[in-house]
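Colleague: One file: protein.txt (compact mmCIF, C-alpha atoms).
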# COMPACT_ATOMS: atom_id res chain seq x y z
CA MET A 24 -43.59 -188.55 117.46
CA MET A 25 -46.25 -186.00 116.64
CA LYS A 26 -45.34 -182.41 117.36
CA PHE A 27 -48.89 -181.60 118.47
CA ARG A 28 -50.30 -183.63 121.33
CA ILE A 29 -53.80 -182.23 121.38
CA THR A 30 -57.35 -183.45 121.71
CA LEU A 31 -59.75 -183.61 118.80
CA MET A 32 -61.60 -180.64 120.26
CA GLY A 33 -58.37 -178.71 120.51
CA LEU A 34 -57.46 -179.61 116.97
CA LEU A 35 -60.75 -178.32 115.66
CA VAL A 36 -60.33 -175.12 117.62
CA LEU A 37 -56.79 -174.47 116.46
CA ILE A 38 -57.18 -175.20 112.74
CA ILE A 39 -56.80 -171.96 110.87
CA SER A 40 -58.96 -171.91 107.77
CA SER A 41 -58.69 -169.58 104.85
CA VAL A 42 -61.61 -167.46 103.70
CA ALA A 43 -61.05 -165.17 100.70
CA GLY A 44 -57.33 -165.43 101.35
CA GLN A 45 -57.57 -164.26 104.95
CA GLU A 46 -56.99 -166.21 108.13
CA LYS A 47 -60.04 -166.94 110.22
CA ILE A 48 -59.79 -166.23 113.93
CA ASP A 49 -61.75 -168.49 116.25
CA PRO A 50 -63.81 -166.25 118.58
CA ASN A 51 -63.88 -169.03 121.16
CA PHE A 52 -60.10 -169.30 121.37
CA GLU A 53 -59.34 -166.87 124.19
CA LEU A 54 -55.77 -165.63 124.55
CA TYR A 55 -54.08 -164.50 127.75
CA ILE A 56 -50.68 -162.82 127.77
CA LEU A 57 -48.29 -163.62 130.63
CA ILE A 58 -45.62 -160.98 131.18
CA GLY A 59 -43.20 -160.05 133.94
CA GLN A 60 -40.11 -161.59 135.47
CA SER A 61 -39.19 -164.87 137.18
CA ASN A 62 -42.22 -165.33 139.42
CA MET A 63 -44.47 -165.08 136.38
CA ALA A 64 -42.18 -167.37 134.41
CA GLY A 65 -42.23 -169.82 137.31
CA ARG A 66 -39.48 -171.24 139.48
CA GLY A 67 -41.48 -173.74 141.57
CA VAL A 68 -40.34 -177.36 141.63
CA ILE A 69 -42.06 -179.54 139.04
CA THR A 70 -43.06 -182.63 141.01
CA PRO A 71 -44.61 -185.75 139.40
CA GLU A 72 -47.99 -184.34 140.41
CA GLU A 73 -47.25 -181.01 138.75
CA GLN A 74 -46.21 -182.84 135.59
CA LEU A 75 -49.78 -184.07 135.28
CA ALA A 76 -51.35 -180.64 135.73
CA GLY A 77 -53.34 -179.21 132.85
CA ASN A 78 -56.63 -179.24 131.00
CA PRO A 79 -57.47 -180.51 127.48
CA ARG A 80 -58.79 -177.04 126.61
CA VAL A 81 -55.73 -175.11 127.74
CA PHE A 82 -52.91 -174.56 125.25
CA MET A 83 -49.64 -172.67 125.26
CA LEU A 84 -47.65 -171.01 122.52
CA ASP A 85 -44.26 -172.70 122.75
CA LYS A 86 -40.84 -171.29 121.95
CA ASP A 87 -41.23 -172.14 118.28
CA TYR A 88 -44.68 -170.52 117.97
CA HIS A 89 -46.61 -173.79 117.98
CA TRP A 90 -49.79 -174.36 119.98
CA ILE A 91 -49.36 -177.36 122.26
CA LEU A 92 -51.19 -178.60 125.34
CA ALA A 93 -50.15 -176.38 128.24
CA LYS A 94 -47.90 -178.00 130.81
CA HIS A 95 -45.15 -176.99 133.23
CA PRO A 96 -42.94 -175.20 132.53
CA LEU A 97 -44.84 -172.74 130.37
CA HIS A 98 -41.84 -170.46 130.01
CA PHE A 99 -38.42 -170.97 128.44
CA ASP A 100 -36.65 -167.76 129.47
CA LYS A 101 -34.09 -169.69 131.49
CA PRO A 102 -34.57 -173.39 130.62
CA LYS A 103 -32.48 -174.72 133.51
CA ALA A 104 -34.50 -172.72 136.06
CA ALA A 105 -38.02 -172.63 134.59
CA GLY A 106 -40.61 -174.38 136.72
CA VAL A 107 -44.09 -173.98 138.14
CA GLY A 108 -45.54 -170.50 137.76
CA PRO A 109 -49.06 -169.08 138.05
CA GLY A 110 -49.92 -169.33 134.36
CA LEU A 111 -51.10 -172.91 134.10
CA ALA A 112 -53.33 -172.80 137.18
CA PHE A 113 -54.77 -169.56 135.80
CA GLY A 114 -55.49 -171.14 132.45
CA VAL A 115 -57.12 -174.21 133.98
CA ALA A 116 -59.34 -172.04 136.19
CA MET A 117 -60.40 -169.94 133.21
CA ALA A 118 -61.26 -173.06 131.20
CA GLU A 119 -63.24 -174.55 134.07
CA ALA A 120 -65.20 -171.32 134.41
CA ASN A 121 -66.35 -171.44 130.78
CA PRO A 122 -66.73 -174.85 129.10
CA ASN A 123 -67.51 -173.20 125.76
CA VAL A 124 -64.05 -171.77 125.15
CA THR A 125 -60.49 -172.92 124.65
CA ILE A 126 -57.71 -171.04 126.42
CA GLY A 127 -54.46 -170.02 124.77
CA LEU A 128 -51.65 -168.93 127.08
CA VAL A 129 -48.91 -166.74 125.60
CA PRO A 130 -45.84 -167.00 127.87
CA CYS A 131 -43.64 -163.91 127.54
CA ALA A 132 -42.03 -163.39 130.98
CA VAL A 133 -38.26 -163.10 131.35
CA GLY A 134 -36.60 -163.73 134.71
CA GLY A 135 -34.51 -160.95 136.23
CA THR A 136 -35.94 -158.17 134.08
CA SER A 137 -36.66 -154.72 135.45
CA ILE A 138 -39.60 -152.78 134.09
CA GLU A 139 -37.13 -150.63 132.15
CA LEU A 140 -36.51 -153.64 129.90
CA TRP A 141 -40.21 -153.86 129.00
CA GLN A 142 -40.15 -151.21 126.33
CA PRO A 143 -39.38 -151.27 122.60
CA GLY A 144 -35.74 -151.90 121.74
CA ALA A 145 -34.60 -152.76 125.28
CA TYR A 146 -32.06 -155.61 125.46
CA ASP A 147 -31.56 -158.01 128.35
CA LYS A 148 -27.91 -159.07 128.46
CA ALA A 149 -28.50 -161.97 130.85
CA THR A 150 -30.85 -163.82 128.50
CA LYS A 151 -29.70 -162.17 125.28
CA THR A 152 -33.29 -161.26 124.47
CA HIS A 153 -35.40 -158.20 123.79
CA PRO A 154 -38.20 -158.81 126.33
CA TYR A 155 -40.78 -156.40 124.95
CA ASP A 156 -40.02 -156.87 121.28
CA ASP A 157 -39.96 -160.66 121.61
CA ALA A 158 -43.24 -160.60 123.53
CA LEU A 159 -44.84 -158.48 120.81
CA THR A 160 -43.75 -160.95 118.14
CA ARG A 161 -45.31 -163.80 120.12
CA ILE A 162 -48.50 -161.86 120.78
CA LYS A 163 -48.93 -161.03 117.09
CA GLU A 164 -48.41 -164.67 116.17
CA ALA A 165 -50.94 -165.81 118.76
CA MET A 166 -53.51 -163.31 117.53
CA LYS A 167 -53.61 -165.11 114.18
CA SER A 168 -55.52 -167.86 115.98
CA GLY A 169 -57.56 -166.18 118.68
CA THR A 170 -58.52 -163.01 120.52
CA VAL A 171 -56.67 -161.46 123.45
CA LYS A 172 -59.02 -161.44 126.43
CA GLY A 173 -56.63 -160.43 129.18
CA ILE A 174 -53.08 -159.64 130.27
CA LEU A 175 -51.34 -160.76 133.46
CA TRP A 176 -48.41 -158.85 134.93
CA HIS A 177 -46.17 -160.00 137.77
CA GLN A 178 -42.96 -158.03 138.04
CA GLY A 179 -41.25 -155.66 140.42
CA GLU A 180 -38.58 -157.54 142.30
CA GLY A 181 -36.06 -155.95 139.93
CA ASN A 182 -37.35 -152.48 140.80
CA SER A 183 -37.61 -152.88 144.57
CA SER A 184 -35.47 -149.96 145.62
CA VAL A 185 -36.45 -146.55 146.93
CA GLN A 186 -35.22 -144.82 143.80
CA LYS A 187 -36.63 -147.21 141.19
CA SER A 188 -40.01 -147.56 142.87
CA LYS A 189 -40.62 -143.82 142.50
CA THR A 190 -41.04 -144.08 138.72
CA TYR A 191 -42.57 -147.56 138.63
CA LEU A 192 -46.21 -146.53 138.36
CA MET A 193 -45.55 -144.15 135.49
CA GLN A 194 -43.62 -146.81 133.60
CA LEU A 195 -46.33 -149.39 134.16
CA ASP A 196 -49.01 -147.00 132.94
CA THR A 197 -47.01 -146.51 129.74
CA LEU A 198 -46.59 -150.26 129.32
CA VAL A 199 -50.30 -150.96 129.75
CA SER A 200 -51.22 -148.35 127.13
CA ARG A 201 -48.62 -149.63 124.72
CA VAL A 202 -49.65 -153.29 124.95
CA ARG A 203 -53.34 -152.44 124.68
CA LYS A 204 -52.65 -150.45 121.53
CA GLU A 205 -50.73 -153.38 120.04
CA VAL A 206 -53.58 -155.84 120.66
CA GLY A 207 -56.11 -153.35 119.37
CA ASP A 208 -58.24 -153.20 122.51
CA PRO A 209 -57.99 -150.18 124.85
CA ASN A 210 -60.14 -151.95 127.41
CA VAL A 211 -58.58 -155.40 127.56
CA PRO A 212 -58.36 -156.35 131.27
CA PHE A 213 -54.89 -155.95 132.74
CA VAL A 214 -54.34 -157.70 136.08
CA VAL A 215 -51.28 -157.12 138.26
CA GLY A 216 -50.10 -159.37 141.07
CA GLU A 217 -48.51 -158.26 144.32
CA LEU A 218 -44.97 -159.36 145.04
CA GLY A 219 -44.39 -161.86 147.82
CA ARG A 220 -44.62 -160.32 151.27
CA TYR A 221 -41.60 -162.18 152.56
CA ARG A 222 -39.07 -159.44 151.71
CA PRO A 223 -39.51 -156.00 153.31
CA GLN A 224 -38.25 -154.15 150.22
CA TYR A 225 -40.97 -155.69 148.06
CA ALA A 226 -43.44 -153.50 149.95
CA LEU A 227 -42.06 -150.56 147.96
CA ILE A 228 -43.51 -152.00 144.75
CA ASN A 229 -46.64 -153.39 146.38
CA THR A 230 -47.44 -149.88 147.58
CA GLU A 231 -47.30 -148.70 143.97
CA LEU A 232 -49.27 -151.66 142.64
CA ALA A 233 -52.06 -150.86 145.09
CA LYS A 234 -52.57 -147.59 143.22
CA VAL A 235 -52.99 -149.23 139.82
CA PRO A 236 -56.78 -149.91 139.87
CA GLY A 237 -57.46 -146.29 140.80
CA LEU A 238 -55.09 -144.86 138.22
CA ILE A 239 -55.30 -147.08 135.14
CA PRO A 240 -58.72 -147.99 133.71
CA VAL A 241 -59.80 -151.64 133.50
CA THR A 242 -57.09 -152.98 135.76
CA GLY A 243 -57.21 -155.27 138.76
CA LEU A 244 -54.93 -156.16 141.66
CA VAL A 245 -54.31 -159.64 143.04
CA SER A 246 -53.14 -160.13 146.62
CA SER A 247 -50.07 -162.14 147.60
CA GLU A 248 -51.25 -162.62 151.17
CA GLY A 249 -50.19 -165.96 152.58
CA LEU A 250 -47.93 -166.91 149.68
CA VAL A 251 -44.49 -168.28 150.54
CA HIS A 252 -41.14 -168.63 148.81
CA LYS A 253 -39.43 -171.90 147.98
CA GLY A 254 -36.53 -171.29 150.36
CA ASP A 255 -34.60 -168.63 148.48
CA SER A 256 -36.57 -165.62 149.77
CA THR A 257 -37.31 -164.66 146.17
CA HIS A 258 -39.33 -167.20 144.23
CA LEU A 259 -42.78 -168.59 145.02
CA ASP A 260 -42.97 -172.30 145.71
CA ALA A 261 -45.21 -174.38 143.45
CA THR A 262 -48.20 -174.34 145.80
CA SER A 263 -48.07 -170.56 146.13
CA ALA A 264 -47.58 -170.08 142.39
CA ASN A 265 -50.70 -172.15 141.74
CA SER A 266 -52.64 -170.16 144.33
CA LEU A 267 -51.56 -166.93 142.69
CA GLY A 268 -52.71 -168.26 139.33
CA ARG A 269 -56.16 -169.03 140.66
CA ARG A 270 -56.35 -165.56 142.21
CA PHE A 271 -55.46 -164.07 138.85
CA ALA A 272 -58.32 -166.06 137.32
CA GLU A 273 -60.82 -164.93 139.95
CA LYS A 274 -59.93 -161.31 139.33
CA MET A 275 -59.97 -161.72 135.55
CA ILE A 276 -63.43 -163.32 135.64
CA GLU A 277 -64.67 -160.59 137.96
CA MET A 278 -63.45 -157.92 135.55
CA GLN A 279 -64.90 -159.66 132.50
CA HIS A 280 -68.31 -160.03 134.15
CA PRO A 281 -68.60 -156.99 136.44
CA HIS A 282 -72.36 -157.22 136.93
CA LYS A 283 -72.61 -160.87 137.89
Spit out the file's structure as structure tokens when you get a sec.
Modeller:
Amino acid sequence: MMKFRITLMGLLVLIISSVAGQEKIDPNFELYILIGQSNMAGRGVITPEEQLAGNPRVFMLDKDYHWILAKHPLHFDKPKAAGVGPGLAFGVAMAEANPNVTIGLVPCAVGGTSIELWQPGAYDKATKTHPYDDALTRIKEAMKSGTVKGILWHQGEGNSSVQKSKTYLMQLDTLVSRVRKEVGDPNVPFVVGELGRYRPQYALINTELAKVPGLIPVTGLVSSEGLVHKGDSTHLDATSANSLGRRFAEKMIEMQHPHK
């Protein structure tokens, strides 16, 4: 069985040629980094219909750093729990908005992580990973093939307390600056998503997220209005995760083309 199940167009896009000993980056292979905790990773149920979701121009960087056609689940942070998240719907919407590009999704979210774990050297005991460091490794690998065009952030459930929410904005500002420096673009769009409105304590983080566009340059906020959980009061169901993904895409496109 072939390891890469990709279209001819995708194959042509993803071939890395060598020019004077250096790798050639395809300017039409647009990369989007997905970071955060479980609702970014996805916990929605993968139904037969969801198994068919995707687009021939949307790829994902898998656990072993291979580009494959994007499908649910995108993430592998907790294999037994990973399901439908916003990433795939986002990628499909971005591809549909521009038929001249191929989309590369870089899944980096880790369920259960607080924002304190998204800094260099931090270790997550539950998954035995280094969320930030591992994400950086994946991002650098992805950048050998394409160009980072945007970053999506959905996290905060792990910081939804009065005490932790007080320092959240400062920590997020630091994270945005750090990731932008690593990708070499101080103006790469960074879009944050509100937490579900079904738990009162999540309002603590949503209040802070609302301040992001006014505090951090080239950032956008996506609403969670109307989104519902899958019955556990924590994780978005598949329909809501897909809706969130499309909202992320709308905001990303708006930020990339501000004068349209």
Colleague: A:Lys86, A:Arg161, A:Arg80, A:Lys148: which is nearest Asn121 (chain A), counting all atoms listed in the file?
Modeller: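 Going through A:Lys86, A:Arg161, A:Arg80, A:Lys148 one by one, the smallest distance to Asn121 (chain A) is for A:Arg80.
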Colleague: Can you work out which one of A:Val215, A:Cys131, A:Ile228, A:Val202 has the shortest atom-to-atom distance to Gly181 (chain A), counting all atoms listed in the file?
Modeller: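 Looking at the shortest contact to Gly181 (chain A), the residue is A:Ile228.
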Colleague: May I have the residues at most 8 Å from (-58.9, -154.0, 131.0) in the file's coordinates, counting all atoms listed in the file, as a list in words?
Modeller: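 Output: Gly173, Pro209, Asn210, Val211, Pro212, Phe213, Val214, Pro240, Val241, Thr242 and Met278 of chain A.
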Colleague: Considering only C-alpha atoms, can you say which of A:Met193, A:Ile174, A:Ala93, A:Ala112 comes closest to Glu139 (chain A)?
Modeller: A:Met193
Colleague: Every residue with an atom at most 10 Å from (-38.7, -148.1, 132.4) (file coordinates; all atoms listed in the file) is what I'm after, so could you write them as an mmCIF file with C-alpha atoms, keeping the file's coordinate frame?
Modeller:
data_model
loop_
_atom_site.group_PDB
_atom_site.id
_atom_site.type_symbol
_atom_site.label_atom_id
_atom_site.label_comp_id
_atom_site.auth_asym_id
_atom_site.auth_seq_id
_atom_site.Cartn_x
_atom_site.Cartn_y
_atom_site.Cartn_z
ATOM 1 C CA SER A 137 -36.660 -154.720 135.450
ATOM 2 C CA ILE A 138 -39.600 -152.780 134.090
ATOM 3 C CA GLU A 139 -37.130 -150.630 132.150
ATOM 4 C CA LEU A 140 -36.510 -153.640 129.900
ATOM 5 C CA TRP A 141 -40.210 -153.860 129.000
ATOM 6 C CA GLN A 142 -40.150 -151.210 126.330
ATOM 7 C CA ALA A 145 -34.600 -152.760 125.280
ATOM 8 C CA ASN A 182 -37.350 -152.480 140.800
ATOM 9 C CA LYS A 187 -36.630 -147.210 141.190
ATOM 10 C CA THR A 190 -41.040 -144.080 138.720
ATOM 11 C CA TYR A 191 -42.570 -147.560 138.630
ATOM 12 C CA LEU A 192 -46.210 -146.530 138.360
ATOM 13 C CA MET A 193 -45.550 -144.150 135.490
ATOM 14 C CA GLN A 194 -43.620 -146.810 133.600
ATOM 15 C CA LEU A 195 -46.330 -149.390 134.160
ATOM 16 C CA THR A 197 -47.010 -146.510 129.740
ATOM 17 C CA LEU A 198 -46.590 -150.260 129.320
#
Colleague: Pick out the closest residue to Asp49 (chain A) from this set: A:Gly254, A:Pro79, A:Gly127, A:Gly249. Count only C-alpha atoms.
Modeller: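 Closest to Asp49 (chain A), using only C-alpha atoms: A:Gly127.
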Colleague: So what do you get for CA of Ser188 (chain A) versus CA of Val235 (chain A), distance-wise?
Modeller: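 Calculated distance between CA of Ser188 (chain A) and CA of Val235 (chain A) is 13.4 Å.
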Colleague: Quick one: what's the axis-aligned box for region 99-106 of chain A, all listed atoms, 6 Å on every side, centre and edges in Å to one decimal, as lines of an AutoDock Vina configuration file?
Modeller:
center_x = -36.5
center_y = -171.2
center_z = 132.6
size_x = 20.1
size_y = 19.0
size_z = 20.3
Colleague: Got a sec: who's within 9 Å of Lys94 (chain A), counting only C-alpha atoms, leaving out chain neighbours fewer than 6 positions off, as a PyMOL selection string?
Modeller: chain A and resi 73-78+81-83+111
Colleague: Taking a cut-off of 9 Å and counting all atoms listed in the file, can you build a table that, for each residue of region 104-222 of chain A near region 268-271 of chain A, reports the nearest atom pair and how far apart they are in Å (one decimal), sorted by chain then residue number, as a Markdown table?
Modeller:
| residue | atom | partner | partner_atom | distance |
| --- | --- | --- | --- | --- |
| A:Gly108 | CA | A:Gly268 | CA | 7.7 |
| A:Pro109 | CA | A:Gly268 | CA | 4.0 |
| A:Gly110 | CA | A:Gly268 | CA | 5.8 |
| A:Leu111 | CA | A:Gly268 | CA | 7.2 |
| A:Ala112 | CA | A:Gly268 | CA | 5.1 |
| A:Phe113 | CA | A:Gly268 | CA | 4.3 |
| A:Gly114 | CA | A:Gly268 | CA | 8.0 |
| A:Val115 | CA | A:Arg269 | CA | 8.5 |
| A:Ala116 | CA | A:Arg269 | CA | 6.3 |
| A:Met117 | CA | A:Arg269 | CA | 8.6 |
| A:Leu175 | CA | A:Phe271 | CA | 7.5 |
| A:Val214 | CA | A:Phe271 | CA | 7.0 |
| A:Val215 | CA | A:Phe271 | CA | 8.1 |
| A:Gly216 | CA | A:Phe271 | CA | 7.5 |
